[in-house]
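Asks: If it helps, the file is called final08.tsv and holds TSV, C-alpha atoms:
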```tsv
chain	number	residue	atom	x	y	z
Q	1	MET	CA	203.32	-193.55	-29.59
Q	2	LYS	CA	204.08	-195.73	-26.57
Q	3	LYS	CA	200.47	-195.34	-25.45
Q	4	TRP	CA	199.10	-196.73	-28.72
Q	5	THR	CA	201.66	-199.56	-28.72
Q	6	TRP	CA	200.49	-200.55	-25.23
Q	7	ILE	CA	196.83	-200.47	-26.28
Q	8	SER	CA	197.62	-202.64	-29.32
Q	9	CYS	CA	199.33	-205.21	-27.11
Q	10	ILE	CA	196.33	-205.41	-24.84
Q	11	ALA	CA	194.03	-205.88	-27.84
Q	12	ILE	CA	196.19	-208.75	-29.15
Q	13	ILE	CA	196.16	-210.47	-25.74
Q	14	CYS	CA	192.38	-210.16	-25.52
Q	15	PHE	CA	192.05	-211.64	-28.99
Q	16	LEU	CA	194.17	-214.65	-28.05
Q	17	PHE	CA	192.05	-215.31	-24.98
Q	18	THR	CA	188.61	-214.74	-26.42
Q	19	GLY	CA	188.84	-215.30	-30.15
Q	20	ALA	CA	187.40	-212.27	-31.89
Q	21	GLY	CA	185.62	-210.74	-28.89
Q	22	LYS	CA	182.49	-208.77	-29.68
Q	23	ALA	CA	182.76	-209.41	-33.41
Q	24	GLU	CA	182.61	-213.18	-32.84
Q	25	ALA	CA	179.71	-212.84	-30.45
Q	26	ALA	CA	177.75	-211.06	-33.14
Q	27	GLU	CA	178.10	-213.90	-35.64
Q	28	ASN	CA	175.07	-215.98	-36.50
Q	29	GLY	CA	174.74	-219.55	-37.72
Q	30	LYS	CA	175.45	-223.05	-36.52
Q	31	ARG	CA	178.80	-223.57	-34.81
Q	32	TYR	CA	181.07	-226.62	-34.87
Q	33	ILE	CA	184.07	-227.97	-32.98
Q	34	GLY	CA	186.62	-230.03	-34.88
Q	35	LEU	CA	189.13	-232.46	-33.37
Q	36	HIS	CA	191.95	-233.47	-35.70
Q	37	ASP	CA	190.12	-234.57	-38.90
Q	38	ARG	CA	186.51	-234.84	-37.70
Q	39	ILE	CA	183.63	-232.70	-36.49
Q	40	LEU	CA	182.65	-233.52	-32.91
Q	41	PRO	CA	178.94	-234.26	-32.26
Q	42	ILE	CA	178.65	-231.44	-29.70
Q	43	GLU	CA	175.37	-229.56	-30.17
Q	44	ASP	CA	175.36	-227.05	-27.29
Q	45	ILE	CA	178.02	-224.59	-28.48
Q	46	ARG	CA	177.68	-221.06	-27.13
Q	47	VAL	CA	179.45	-217.74	-27.51
Q	48	ILE	CA	179.76	-216.25	-24.03
Q	49	ASP	CA	181.41	-212.84	-23.64
Q	50	GLY	CA	182.89	-213.24	-27.10
Q	51	ASP	CA	184.37	-216.66	-26.39
Q	52	THR	CA	183.26	-220.05	-27.74
Q	53	LYS	CA	182.38	-222.41	-24.90
Q	54	VAL	CA	181.00	-225.96	-24.76
Q	55	PRO	CA	179.77	-228.19	-21.92
Q	56	LEU	CA	182.76	-229.42	-19.95
Q	57	LYS	CA	181.31	-232.93	-19.73
Q	58	ASP	CA	181.16	-233.12	-23.54
Q	59	ILE	CA	184.66	-231.88	-24.41
Q	60	ALA	CA	186.16	-233.88	-21.52
Q	61	LYS	CA	184.94	-237.08	-23.16
Q	62	TYR	CA	186.77	-236.39	-26.41
Q	63	LEU	CA	189.96	-234.95	-24.91
Q	64	TYR	CA	190.13	-237.64	-22.20
Q	65	LEU	CA	190.13	-235.05	-19.44
Q	66	PRO	CA	189.98	-236.44	-15.88
Q	67	VAL	CA	187.31	-234.34	-14.15
Q	68	GLU	CA	186.27	-234.60	-10.52
Q	69	THR	CA	184.12	-232.47	-8.23
Q	70	LYS	CA	184.67	-232.24	-4.50
Q	71	ASP	CA	184.34	-229.63	-1.76
Q	72	GLY	CA	182.46	-227.27	-4.05
Q	73	LYS	CA	185.16	-227.30	-6.72
Q	74	THR	CA	185.56	-228.97	-10.11
Q	75	ILE	CA	189.11	-230.08	-10.86
Q	76	ILE	CA	190.66	-230.94	-14.24
Q	77	GLN	CA	194.12	-232.52	-14.31
Q	78	LYS	CA	195.88	-233.08	-17.63
Q	79	ARG	CA	199.48	-233.07	-18.88
Q	80	GLY	CA	200.82	-231.87	-15.54
Q	81	LYS	CA	198.39	-228.95	-15.23
Q	82	VAL	CA	195.61	-228.49	-12.68
Q	83	ILE	CA	192.60	-226.33	-13.54
Q	84	THR	CA	190.15	-225.65	-10.71
Q	85	PHE	CA	186.72	-224.02	-10.88
Q	86	ASP	CA	185.22	-222.73	-7.63
Q	87	HIS	CA	181.43	-223.11	-7.75
Q	88	THR	CA	180.98	-220.56	-4.96
Q	89	THR	CA	183.04	-217.70	-6.40
Q	90	GLY	CA	182.92	-218.61	-10.10
Q	91	ALA	CA	186.70	-218.21	-10.29
Q	92	THR	CA	189.02	-220.37	-12.37
Q	93	VAL	CA	192.51	-221.18	-11.07
Q	94	LEU	CA	195.36	-222.65	-13.17
Q	95	ASP	CA	198.19	-224.27	-11.19
Q	96	GLY	CA	197.34	-222.11	-8.20
Q	97	VAL	CA	197.12	-218.86	-10.18
Q	98	ASP	CA	193.80	-217.02	-10.50
Q	99	GLN	CA	192.82	-216.53	-14.12
Q	100	PRO	CA	192.06	-212.89	-15.00
Q	101	TRP	CA	188.95	-213.87	-17.01
Q	102	THR	CA	186.29	-216.59	-17.00
Q	103	PRO	CA	187.42	-219.58	-19.06
Q	104	ILE	CA	184.83	-221.68	-17.20
Q	105	SER	CA	181.25	-220.49	-16.65
Q	106	SER	CA	178.35	-222.07	-14.78
Q	107	ILE	CA	175.06	-221.78	-16.67
Q	108	ASP	CA	171.92	-223.22	-15.09
Q	109	GLY	CA	174.10	-225.55	-13.04
Q	110	GLU	CA	176.14	-226.84	-16.00
Q	111	LEU	CA	179.79	-225.97	-16.56
Q	112	PHE	CA	180.86	-224.54	-19.93
Q	113	ILE	CA	184.55	-224.24	-20.78
Q	114	SER	CA	186.38	-222.17	-23.37
Q	115	VAL	CA	187.41	-224.39	-26.28
Q	116	LYS	CA	190.53	-222.37	-27.06
Q	117	TYR	CA	191.53	-222.25	-23.40
Q	118	ILE	CA	191.31	-225.98	-22.75
Q	119	ALA	CA	192.99	-226.69	-26.09
Q	120	ARG	CA	195.93	-224.41	-25.33
Q	121	GLU	CA	196.37	-225.61	-21.75
Q	122	THR	CA	196.32	-229.29	-22.72
Q	123	GLY	CA	198.85	-229.07	-25.54
Q	124	PHE	CA	196.63	-228.58	-28.58
Q	125	GLN	CA	196.85	-226.03	-31.34
Q	126	PHE	CA	193.72	-224.49	-32.77
Q	127	GLU	CA	192.51	-222.90	-35.98
Q	128	TYR	CA	189.41	-220.72	-36.22
Q	129	PHE	CA	187.44	-220.86	-39.47
Q	130	GLN	CA	185.49	-217.63	-39.05
Q	131	GLN	CA	183.33	-218.04	-42.15
Q	132	HIS	CA	182.11	-221.43	-40.91
Q	133	HIS	CA	181.95	-220.60	-37.16
Q	134	THR	CA	184.23	-223.56	-36.49
Q	135	ILE	CA	187.20	-224.12	-34.18
Q	136	ARG	CA	189.51	-227.00	-35.06
Q	137	ILE	CA	191.86	-228.31	-32.36
Q	138	TYR	CA	194.73	-230.64	-33.19
Q	139	ARG	CA	198.23	-231.79	-32.27
Q	140	ASP	CA	201.12	-231.84	-34.72
Q	141	GLU	CA	202.37	-235.18	-33.39
Q	142	PHE	CA	199.21	-236.81	-34.79
Q	143	ASN	CA	198.80	-237.19	-38.53
Q	144	HIS	CA	196.13	-234.81	-39.76
Q	145	ILE	CA	194.95	-233.20	-42.95
Q	146	SER	CA	195.66	-229.58	-43.81
Q	147	ASN	CA	193.37	-226.77	-42.70
Q	148	GLU	CA	192.39	-226.25	-46.33
Q	149	ALA	CA	191.26	-229.87	-46.60
Q	150	PHE	CA	189.49	-229.67	-43.23
Q	151	GLU	CA	187.51	-226.69	-44.47
Q	152	GLU	CA	185.96	-228.97	-47.10
Q	153	ILE	CA	184.94	-231.37	-44.33
Q	154	ILE	CA	183.23	-228.48	-42.53
Q	155	LYS	CA	181.31	-227.56	-45.68
Q	156	GLU	CA	180.15	-231.14	-46.27
Q	157	HIS	CA	179.10	-231.55	-42.63
Q	158	ALA	CA	177.18	-228.26	-42.60
Q	159	ALA	CA	175.39	-229.17	-45.84
Q	160	LYS	CA	174.26	-232.53	-44.45
Q	161	LYS	CA	173.08	-230.97	-41.19
Q	162	HIS	CA	171.12	-228.33	-43.08
Q	163	GLN	CA	169.51	-230.95	-45.31
Q	164	ILE	CA	168.46	-233.08	-42.35
Q	165	SER	CA	167.16	-230.05	-40.43
Q	166	ALA	CA	165.17	-228.80	-43.40
Q	167	SER	CA	163.57	-232.17	-44.12
Q	168	LYS	CA	162.80	-233.41	-40.61
Q	169	LYS	CA	159.62	-232.29	-38.93
Q	170	ALA	CA	159.30	-231.97	-35.16
Q	171	ASN	CA	158.56	-234.77	-32.74
Q	172	VAL	CA	155.04	-234.79	-31.30
Q	173	TYR	CA	154.00	-236.25	-27.97
Q	174	LEU	CA	150.33	-237.14	-27.57
Q	175	THR	CA	149.53	-236.99	-23.85
Q	176	PHE	CA	146.29	-238.08	-22.18
Q	177	ASP	CA	145.14	-236.93	-18.73
Q	178	ASP	CA	142.46	-238.12	-16.29
Q	179	GLY	CA	142.52	-241.89	-16.89
Q	180	PRO	CA	142.42	-244.77	-16.43
Q	181	ASN	CA	138.79	-245.20	-17.49
Q	182	GLN	CA	136.72	-246.71	-20.31
Q	183	PHE	CA	137.85	-243.99	-22.72
Q	184	THR	CA	141.48	-244.88	-22.03
Q	185	LEU	CA	140.85	-248.26	-23.63
Q	186	ILE	CA	139.34	-246.66	-26.74
Q	187	ASN	CA	142.20	-244.20	-27.11
Q	188	HIS	CA	144.65	-247.05	-26.56
Q	189	ALA	CA	142.99	-249.13	-29.28
Q	190	THR	CA	143.25	-246.19	-31.71
Q	191	LEU	CA	146.94	-245.76	-30.92
Q	192	GLU	CA	147.49	-249.48	-31.54
Q	193	THR	CA	145.66	-249.29	-34.88
Q	194	TYR	CA	147.85	-246.45	-36.09
Q	195	LYS	CA	150.97	-247.85	-34.37
Q	196	VAL	CA	151.50	-244.56	-32.53
Q	197	PRO	CA	153.13	-244.22	-29.06
Q	198	ALA	CA	151.77	-241.85	-26.43
Q	199	THR	CA	152.08	-240.77	-22.80
Q	200	PHE	CA	149.33	-241.16	-20.18
Q	201	PHE	CA	148.94	-239.36	-16.85
Q	202	PHE	CA	146.73	-241.39	-14.51
Q	203	LEU	CA	144.87	-240.53	-11.32
Q	204	GLY	CA	145.71	-242.60	-8.25
Q	205	ASN	CA	142.13	-243.10	-7.07
Q	206	GLN	CA	141.23	-244.51	-10.49
Q	207	ILE	CA	144.32	-246.70	-10.74
Q	208	LYS	CA	143.06	-248.72	-7.77
Q	209	HIS	CA	139.95	-249.81	-9.67
Q	210	ASN	CA	141.44	-250.14	-13.16
Q	211	GLU	CA	144.72	-251.95	-12.75
Q	212	SER	CA	144.14	-254.07	-15.85
Q	213	ILE	CA	143.86	-250.93	-18.00
Q	214	VAL	CA	147.07	-249.56	-16.53
Q	215	LYS	CA	148.90	-252.81	-17.27
Q	216	THR	CA	147.54	-252.92	-20.84
Q	217	VAL	CA	148.71	-249.38	-21.59
Q	218	SER	CA	152.12	-249.89	-20.00
Q	219	LYS	CA	152.81	-253.24	-21.69
Q	220	SER	CA	152.06	-251.63	-25.07
Q	221	GLY	CA	155.09	-249.38	-24.63
Q	222	HIS	CA	153.31	-246.15	-23.69
Q	223	TYR	CA	154.77	-244.20	-20.78
Q	224	VAL	CA	152.50	-243.83	-17.75
Q	225	GLY	CA	152.95	-241.01	-15.23
Q	226	SER	CA	151.20	-239.50	-12.22
Q	227	HIS	CA	148.39	-236.94	-12.46
Q	228	SER	CA	147.86	-236.83	-8.66
Q	229	MET	CA	145.62	-239.01	-6.51
Q	230	THR	CA	142.37	-237.00	-6.60
Q	231	HIS	CA	142.63	-234.08	-9.06
Q	232	ASP	CA	140.90	-232.06	-6.33
Q	233	LYS	CA	142.39	-228.56	-6.68
Q	234	ALA	CA	141.61	-227.55	-3.11
Q	235	LEU	CA	143.20	-230.71	-1.74
Q	236	VAL	CA	146.18	-230.97	-4.09
Q	237	TYR	CA	147.33	-227.39	-3.56
Q	238	SER	CA	146.36	-226.91	0.08
Q	239	SER	CA	149.99	-227.31	1.20
Q	240	THR	CA	153.34	-228.56	-0.01
Q	241	GLU	CA	152.88	-231.73	2.03
Q	242	SER	CA	149.48	-232.43	0.48
Q	243	PHE	CA	150.78	-231.65	-3.00
Q	244	ILE	CA	153.73	-234.03	-2.87
Q	245	ALA	CA	151.62	-236.75	-1.24
Q	246	GLU	CA	149.15	-236.46	-4.12
Q	247	MET	CA	151.84	-236.68	-6.79
Q	248	THR	CA	154.00	-239.39	-5.23
Q	249	GLY	CA	150.95	-241.41	-4.16
Q	250	ALA	CA	149.86	-242.01	-7.74
Q	251	ALA	CA	153.46	-242.57	-8.87
Q	252	GLN	CA	153.96	-245.27	-6.25
Q	253	LEU	CA	150.74	-247.01	-7.25
Q	254	LEU	CA	151.84	-247.01	-10.89
Q	255	GLU	CA	155.18	-248.55	-9.96
Q	256	GLN	CA	153.43	-251.26	-7.96
Q	257	VAL	CA	151.09	-252.10	-10.84
Q	258	THR	CA	153.51	-251.85	-13.77
Q	259	GLY	CA	156.86	-252.63	-12.16
Q	260	LYS	CA	158.22	-249.50	-13.84
Q	261	SER	CA	159.22	-246.21	-12.23
Q	262	ALA	CA	156.90	-243.25	-12.84
Q	263	ASN	CA	159.13	-240.22	-12.32
Q	264	LEU	CA	157.29	-237.94	-14.74
Q	265	VAL	CA	154.23	-236.13	-13.39
Q	266	ARG	CA	151.67	-233.73	-14.73
Q	267	VAL	CA	150.08	-231.57	-12.06
Q	268	PRO	CA	146.33	-230.86	-12.29
Q	269	TYR	CA	145.46	-227.61	-14.14
Q	270	GLY	CA	149.11	-227.02	-15.12
Q	271	SER	CA	152.00	-225.78	-13.02
Q	272	LYS	CA	151.48	-222.04	-13.30
Q	273	PRO	CA	150.41	-220.31	-11.10
Q	274	LEU	CA	149.40	-223.11	-8.73
Q	275	VAL	CA	152.77	-224.76	-8.04
Q	276	THR	CA	154.68	-222.77	-5.42
Q	277	PRO	CA	158.50	-222.58	-5.10
Q	278	SER	CA	158.23	-224.94	-2.12
Q	279	MET	CA	156.29	-227.44	-4.23
Q	280	GLN	CA	158.85	-227.14	-7.01
Q	281	LYS	CA	161.65	-227.95	-4.58
Q	282	SER	CA	159.71	-230.88	-3.18
Q	283	LEU	CA	159.29	-232.40	-6.66
Q	284	ILE	CA	163.03	-232.06	-7.27
Q	285	ASP	CA	163.88	-233.52	-3.86
Q	286	HIS	CA	161.72	-236.56	-4.66
Q	287	GLY	CA	163.43	-237.09	-8.01
Q	288	LEU	CA	160.35	-236.19	-10.04
Q	289	TYR	CA	160.14	-234.36	-13.37
Q	290	MET	CA	157.13	-232.36	-14.50
Q	291	TRP	CA	155.52	-231.85	-17.89
Q	292	ASP	CA	153.06	-229.16	-18.90
Q	293	TRP	CA	152.30	-228.81	-22.62
Q	294	ASP	CA	152.92	-226.82	-25.81
Q	295	VAL	CA	149.51	-227.35	-27.42
Q	296	ASP	CA	146.20	-227.39	-25.52
Q	297	SER	CA	143.47	-229.17	-27.47
Q	298	ASN	CA	140.85	-227.83	-25.02
Q	299	ASP	CA	139.01	-231.09	-25.71
Q	300	TRP	CA	137.24	-230.98	-22.35
Q	301	ARG	CA	135.31	-227.88	-23.46
Q	302	TYR	CA	133.52	-229.61	-26.35
Q	303	THR	CA	130.86	-232.27	-26.87
Q	304	ASP	CA	130.93	-235.34	-29.10
Q	305	LYS	CA	129.37	-233.25	-31.86
Q	306	GLN	CA	132.06	-230.54	-31.67
Q	307	THR	CA	135.14	-232.66	-32.31
Q	308	SER	CA	136.08	-230.66	-35.41
Q	309	GLN	CA	137.03	-227.80	-33.09
Q	310	ILE	CA	139.28	-230.10	-31.07
Q	311	ILE	CA	141.04	-231.18	-34.26
Q	312	LYS	CA	141.43	-227.57	-35.40
Q	313	ASN	CA	142.88	-226.56	-32.03
Q	314	VAL	CA	145.53	-229.25	-32.35
Q	315	GLN	CA	146.32	-228.38	-35.97
Q	316	ASP	CA	146.62	-224.66	-35.24
Q	317	GLY	CA	148.66	-225.22	-32.09
Q	318	VAL	CA	151.10	-227.68	-33.66
Q	319	THR	CA	151.58	-225.50	-36.75
Q	320	LYS	CA	152.34	-222.48	-34.58
Q	321	ALA	CA	154.76	-224.42	-32.36
Q	322	ALA	CA	156.58	-225.87	-35.37
Q	323	LYS	CA	156.95	-222.43	-36.97
Q	324	SER	CA	158.48	-221.13	-33.75
Q	325	GLY	CA	161.20	-223.78	-34.07
Q	326	ASP	CA	159.92	-226.17	-31.40
Q	327	LYS	CA	161.29	-229.63	-32.19
Q	328	ASP	CA	159.46	-231.47	-29.39
Q	329	ILE	CA	155.77	-230.57	-29.29
Q	330	ILE	CA	153.70	-231.85	-26.36
Q	331	ILE	CA	149.94	-232.02	-27.00
Q	332	LEU	CA	147.42	-232.04	-24.15
Q	333	LEU	CA	144.45	-234.39	-24.56
Q	334	HIS	CA	142.14	-236.24	-22.15
Q	335	ASP	CA	140.63	-239.69	-21.81
Q	336	ARG	CA	137.15	-238.47	-22.67
Q	337	SER	CA	134.42	-239.46	-25.13
Q	338	GLN	CA	134.87	-236.48	-27.48
Q	339	THR	CA	138.62	-237.09	-27.61
Q	340	THR	CA	138.19	-240.70	-28.68
Q	341	ILE	CA	136.20	-239.43	-31.67
Q	342	ALA	CA	138.72	-236.74	-32.61
Q	343	LEU	CA	141.86	-238.82	-32.10
Q	344	PRO	CA	141.93	-240.74	-35.43
Q	345	ARG	CA	141.74	-237.55	-37.47
Q	346	ILE	CA	144.35	-235.87	-35.29
Q	347	ILE	CA	146.76	-238.75	-35.85
Q	348	GLU	CA	146.06	-238.88	-39.59
Q	349	TRP	CA	146.74	-235.16	-39.96
Q	350	LEU	CA	149.98	-235.35	-37.98
Q	351	GLN	CA	151.11	-238.32	-40.06
Q	352	LYS	CA	150.27	-236.55	-43.31
Q	353	GLU	CA	152.25	-233.49	-42.20
Q	354	GLY	CA	155.30	-235.65	-41.50
Q	355	TYR	CA	155.58	-235.36	-37.72
Q	356	THR	CA	157.26	-238.12	-35.70
Q	357	PHE	CA	155.29	-239.61	-32.80
Q	358	LYS	CA	157.13	-240.31	-29.57
Q	359	THR	CA	156.39	-241.36	-26.02
Q	360	TYR	CA	158.20	-239.92	-23.02
Q	361	GLU	CA	161.73	-241.33	-22.68
Q	362	PRO	CA	163.11	-241.21	-19.11
Q	363	ASP	CA	166.69	-241.34	-20.39
Q	364	ASN	CA	166.09	-238.40	-22.73
Q	365	HIS	CA	164.06	-236.00	-20.60
Q	366	ILE	CA	162.70	-232.95	-22.38
Q	367	ILE	CA	162.15	-229.85	-20.26
Q	368	GLN	CA	158.62	-228.50	-20.70
Q	369	ASN	CA	157.12	-226.69	-17.76
Q	370	PHE	CA	155.49	-223.29	-17.52
Q	371	LEU	CA	157.77	-222.42	-14.59
Q	372	GLN	CA	160.81	-222.75	-16.88
Q	373	ASP	CA	162.61	-224.72	-14.17
Q	374	PRO	CA	165.60	-226.51	-15.79
Q	375	LEU	CA	165.64	-229.06	-12.95
Q	376	LEU	CA	162.10	-230.21	-13.71
```
Go through the file and emit its structure as structure tokens.
Replies:
Amino acid sequence: MKKWTWISCIAIICFLFTGAGKAEAAENGKRYIGLHDRILPIEDIRVIDGDTKVPLKDIAKYLYLPVETKDGKTIIQKRGKVITFDHTTGATVLDGVDQPWTPISSIDGELFISVKYIARETGFQFEYFQQHHTIRIYRDEFNHISNEAFEEIIKEHAAKKHQISASKKANVYLTFDDGPNQFTLINHATLETYKVPATFFFLGNQIKHNESIVKTVSKSGHYVGSHSMTHDKALVYSSTESFIAEMTGAAQLLEQVTGKSANLVRVPYGSKPLVTPSMQKSLIDHGLYMWDWDVDSNDWRYTDKQTSQIIKNVQDGVTKAAKSGDKDIIILLHDRSQTTIALPRIIEWLQKEGYTFKTYEPDNHIIQNFLQDPLL
């Protein structure tokens, strides 16, 4: 009897630390975090080892948690308690005592913290609404509605989110390689006619002779990035030094011409398998980001009389990407004659289907590289 009593106690303790353990990890559906009487706008909510965790930087903002990182450790101090995460060992320490589990986890360089843990240790109570995958944290000293009333708030919030998600199509990013040249101007004119933003990747050796085109494109609000100096595969990929010189060379020219930083690059022929680990590291060290693509129009393969195939390639590729759940679809095109002919019909189809056109936004970087490097 004592044996089973002891086992039951352990099970209860595990439940308090991790929520519902394996059962919770198996749940599906969108998750939410509530604070007092509102749903927090935290999107990246994960169940890790049966425990609901969120990015530390996000929850810290709403709970006013002082967070600092020094000497390889992240330190949280609140209400007389000190929580320390050691980035080397992955251990969490509370007031000098090692925690027997992992309330803080490092995932791809970002710290995620247990919602229930940080709530409990900073003086909050919490309620778990299992049916709605929602944790509400609150303090009794603050006026707040009942849990029954808060459940109605969860339902209303989930219904609105579902409605928005169901109605909104993905964002599409038209990207053009190999300019600036005479076809850049034609593509630019088409974009202006349809009032559509885009992203251009220019070659350094062509920037030198077409500065007016670069300025025109940039002043229109389109983002302009580096596509190397020469596009010569043998030269670009001959060494890490040559590679980074090619990519930064064009970026520096663009900054000189436009007065804007050009930290996004597209490497010739795509990143895989040509970009080596050393080249990856060099891009990161130079503060550069890298875009490949989701949809390849293969426009360079076709003539002016075969533009219908280019259009079909884009339609098929975008439809497939959207069905897979991709909300930010990057389309590869080129500043070439056949593309200038196909572009109006591509735009018209995307508009008719309800997609939203966007240009690259440096402050809202989207990760899209074949190497799946989260730092690029």
Asks: Name the residues in contact with Q:Val224 at a cut-off of 10 Å, using only C-alpha atoms, excluding same-chain residues fewer than 3 positions from it; report them as a PyMOL selection string.
Replies: chain Q and resi 175-176+198-202+214-215+217-218+221+227+251+254-255+258+260-265+359-360
Asks: Which of these residues is nearest to Q:His209, using all atoms listed in the file: Q:Ser226, Q:Ser324, Q:Asn181, Q:Thr193?
Replies: Q:Asn181
Asks: With only C-alpha atoms as the atoms that count, which of Q:Met290, Q:Ala91, Q:Val172, Q:Leu40 lies nearest to Q:Ile137?
Replies: Q:Leu40
Asks: Just give me the gap between atom CA of Q:Trp291 and atom CA of Q:Gln368 in Å, one decimal is fine.
Replies: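 Atom-to-atom, atom CA of Q:Trp291 to atom CA of Q:Gln368, that is 5.4 Å.
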Asks: Measure the distance from atom CA of Q:Ala234 to atom CA of Q:Val267 in Å and round it to one decimal.
Replies: 13.0 Å
Asks: Could you check the closest approach to Q:Thr88 for each of Q:Gly109, Q:Glu68, Q:His365, Q:Tyr128 and tell me which residue wins, using only C-alpha atoms?
Replies: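 Checking each candidate against Q:Thr88, we get Q:Gly109 as the closest.
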Asks: Counting all atoms listed in the file, which residue out of Q:Ala250, Q:Ile329, Q:Ile310, Q:Ala342 sits closest to Q:Ile366?
Replies: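 Ranking Q:Ala250, Q:Ile329, Q:Ile310, Q:Ala342 by distance to Q:Ile366, first place goes to Q:Ile329.
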Asks: Tell me, in Å to one decimal, how far atom CA of Q:Trp293 is from atom CA of Q:Pro55.
Replies: 27.5 Å
Asks: Mind checking which residues fall within 7 Å of Q:Ile145, counting all atoms listed in the file, ignoring those fewer than 3 positions away in the same chain, and posting them as a list in words?
Replies: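 Here the answer would be Asp37, Ala149 and Phe150 of chain Q.
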Asks: Distance cut-off 12 Å, centre (183.2, -233.0, -10.9) in file coordinates, counting all atoms listed in the file: which residues qualify? Return them as a list of chain:residue names.
Replies: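 Final list of nearby residues, as requested, is Q:Leu56, Q:Lys57, Q:Ala60, Q:Leu65, Q:Pro66, Q:Val67, Q:Glu68, Q:Thr69, Q:Lys70, Q:Asp71, Q:Gly72, Q:Lys73, Q:Thr74, Q:Ile75, Q:Ile76, Q:Gln77, Q:Ile83, Q:Thr84, Q:Phe85, Q:Asp86, Q:His87, Q:Gly109, Q:Glu110, Q:Leu111.
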Asks: Out of Q:Leu343, Q:Leu274, Q:Ala321, Q:Ala159, which residue has the shortest atom-to-atom distance to Q:Thr307 when counting only C-alpha atoms?
Replies: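 Answer, going by the shortest atom-to-atom distance: Q:Leu343.
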